[in-house]
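> One file: input.pdb (PDB, C-alpha atoms, pLDDT in the B column).
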ATOM      1  CA  MET A  12     146.837 124.136   7.215  1.00 55.00           C
ATOM      2  CA  VAL A  13     150.365 122.810   6.654  1.00 57.00           C
ATOM      3  CA  TRP A  14     151.161 119.133   6.244  1.00 56.00           C
ATOM      4  CA  ILE A  15     154.190 117.901   8.165  1.00 62.00           C
ATOM      5  CA  GLY A  16     156.281 114.980   7.022  1.00 60.00           C
ATOM      6  CA  GLY A  17     156.695 113.083   3.767  1.00 57.00           C
ATOM      7  CA  PRO A  18     154.707 110.310   2.129  1.00 56.00           C
ATOM      8  CA  ARG A  19     153.201 107.612   4.312  1.00 57.00           C
ATOM      9  CA  ARG A  20     155.073 104.333   4.386  1.00 59.00           C
ATOM     10  CA  GLY A  21     153.235 101.143   5.204  1.00 57.00           C
ATOM     11  CA  ALA A  22     150.973 101.056   8.216  1.00 55.00           C
ATOM     12  CA  GLY A  23     151.575 104.354   9.937  1.00 58.00           C
ATOM     13  CA  ARG A  24     149.405 107.030  11.408  1.00 55.00           C
ATOM     14  CA  THR A  25     145.813 107.119  10.299  1.00 63.00           C
ATOM     15  CA  LYS A  26     145.852 110.932  10.406  1.00 66.00           C
ATOM     16  CA  PRO A  27     148.819 112.957   9.174  1.00 63.00           C
ATOM     17  CA  LEU A  28     150.507 115.527  11.367  1.00 67.00           C
ATOM     18  CA  VAL A  29     149.125 118.953  10.515  1.00 69.00           C
ATOM     19  CA  LEU A  30     150.280 122.393  11.615  1.00 70.00           C
ATOM     20  CA  HIS A  31     147.189 124.599  11.789  1.00 74.00           C
ATOM     21  CA  ASP A  32     149.052 127.892  11.971  1.00 79.00           C
ATOM     22  CA  PRO A  33     151.752 128.080   9.257  1.00 77.00           C
ATOM     23  CA  PRO A  34     154.896 130.132   9.880  1.00 79.00           C
ATOM     24  CA  PRO A  35     155.149 133.587   8.257  1.00 84.00           C
ATOM     25  CA  GLY A  36     156.118 133.461   4.606  1.00 85.00           C
ATOM     26  CA  TYR A  37     155.177 129.789   4.204  1.00 82.00           C
ATOM     27  CA  ARG A  38     154.209 128.834   0.665  1.00 82.00           C
ATOM     28  CA  PRO A  39     152.749 125.413  -0.062  1.00 77.00           C
ATOM     29  CA  PRO A  40     154.677 123.383  -2.654  1.00 75.00           C
ATOM     30  CA  ARG A  41     153.474 123.930  -6.215  1.00 76.00           C
ATOM     31  CA  THR A  42     152.805 121.027  -8.550  1.00 68.00           C
ATOM     32  CA  PRO A  43     153.265 121.581 -12.269  1.00 66.00           C
ATOM     33  CA  SER A  44     150.058 121.874 -14.275  1.00 67.00           C
ATOM     34  CA  TRP A  45     150.936 118.967 -16.599  1.00 64.00           C
ATOM     35  CA  TYR A  46     151.335 116.671 -13.590  1.00 62.00           C
ATOM     36  CA  LEU A  47     147.700 117.185 -12.679  1.00 64.00           C
ATOM     37  CA  LEU A  48     146.596 116.250 -16.199  1.00 68.00           C
ATOM     38  CA  VAL A  49     148.632 113.053 -16.620  1.00 71.00           C
ATOM     39  CA  ASN A  50     147.983 110.073 -14.406  1.00 78.00           C
ATOM     40  CA  GLU A  51     149.728 106.691 -14.442  1.00 80.00           C
ATOM     41  CA  SER A  52     147.451 105.036 -17.008  1.00 83.00           C
ATOM     42  CA  HIS A  53     147.847 107.949 -19.430  1.00 84.00           C
ATOM     43  CA  ALA A  54     151.621 107.828 -18.957  1.00 84.00           C
ATOM     44  CA  ARG A  55     151.677 104.111 -19.813  1.00 89.00           C
ATOM     45  CA  VAL A  56     149.691 104.725 -22.997  1.00 91.00           C
ATOM     46  CA  ILE A  57     152.046 107.538 -24.022  1.00 90.00           C
ATOM     47  CA  VAL A  58     155.136 105.377 -23.387  1.00 92.00           C
ATOM     48  CA  ARG A  59     153.696 102.441 -25.351  1.00 95.00           C
ATOM     49  CA  ALA A  60     152.797 104.674 -28.283  1.00 96.00           C
ATOM     50  CA  ALA A  61     156.268 106.234 -28.278  1.00 96.00           C
ATOM     51  CA  ALA A  62     157.878 102.783 -28.202  1.00 97.00           C
ATOM     52  CA  ALA A  63     155.756 101.599 -31.124  1.00 97.00           C
ATOM     53  CA  ILE A  64     156.629 104.687 -33.165  1.00 98.00           C
ATOM     54  CA  LEU A  65     160.320 104.217 -32.394  1.00 98.00           C
ATOM     55  CA  VAL A  66     160.254 100.559 -33.491  1.00 98.00           C
ATOM     56  CA  LEU A  67     158.426 101.417 -36.721  1.00 98.00           C
ATOM     57  CA  ALA A  68     160.864 104.235 -37.476  1.00 98.00           C
ATOM     58  CA  ALA A  69     163.844 101.924 -36.888  1.00 97.00           C
ATOM     59  CA  ALA A  70     162.310  99.279 -39.181  1.00 97.00           C
ATOM     60  CA  ALA A  71     161.758 101.899 -41.882  1.00 96.00           C
ATOM     61  CA  VAL A  72     165.385 103.046 -41.656  1.00 95.00           C
ATOM     62  CA  VAL A  73     166.632  99.465 -41.935  1.00 95.00           C
ATOM     63  CA  ALA A  74     164.315  98.800 -44.901  1.00 95.00           C
ATOM     64  CA  LEU A  75     165.566 101.956 -46.664  1.00 94.00           C
ATOM     65  CA  MET A  76     169.184 100.954 -46.026  1.00 93.00           C
ATOM     66  CA  ILE A  77     168.578  97.494 -47.490  1.00 92.00           C
ATOM     67  CA  ALA A  78     166.736  98.959 -50.484  1.00 90.00           C
ATOM     68  CA  GLY A  79     169.626 101.376 -51.064  1.00 86.00           C
ATOM     69  CA  TYR A  80     172.163  98.572 -51.482  1.00 75.00           C
ATOM     70  CA  HIS A  81     170.215  96.864 -54.276  1.00 67.00           C
TER      71      HIS A  81
END
Can I see the file as structure tokens?


Amino acid sequence: MVWIGGPRRGAGRTKPLVLHDPPPGYRPPRTPSWYLLVNESHARVIVRAAAAILVLAAAAVVALMIAGYH
């Protein structure tokens, strides 16, 4: 079965258009394996952790620069 059309926008069809007999040589689109493992909540946690590490690293660099002048 082949899905026709892009993502649904707003209130559209309740059933998507489907082509039951795909054309010769049709290959369904592949999704990367990491995409299946990471959902939106995991992505938010990863971004927050990266931001916290970046802020702490910047504070450490500033502290070392200040300590180097004295």

> Need the axis-aligned box for stretch 48-52 of chain A with 5 Å each side, so what are the centre and edges in Å to one decimal, as AutoDock Vina command-line options?


--center_x 148.2 --center_y 110.6 --center_z -15.7 --size_x 13.1 --size_y 21.2 --size_z 12.6

> Hey, can you check how far atom CA of A:Arg41 sits from atom CA of A:Val58?

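Those two atoms sit 25.3 Å apart.
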
> One decimal, Å: what's the distance from atom CA of A:Ile57 over to atom CA of A:Met76, could you say?

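According to the coordinates, atom CA of A:Ile57 and atom CA of A:Met76 are separated by 28.7 Å.
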
> Please compute the atom CA of A:Val49-atom CA of A:Ala61 distance, one decimal, in Å.

15.5 Å
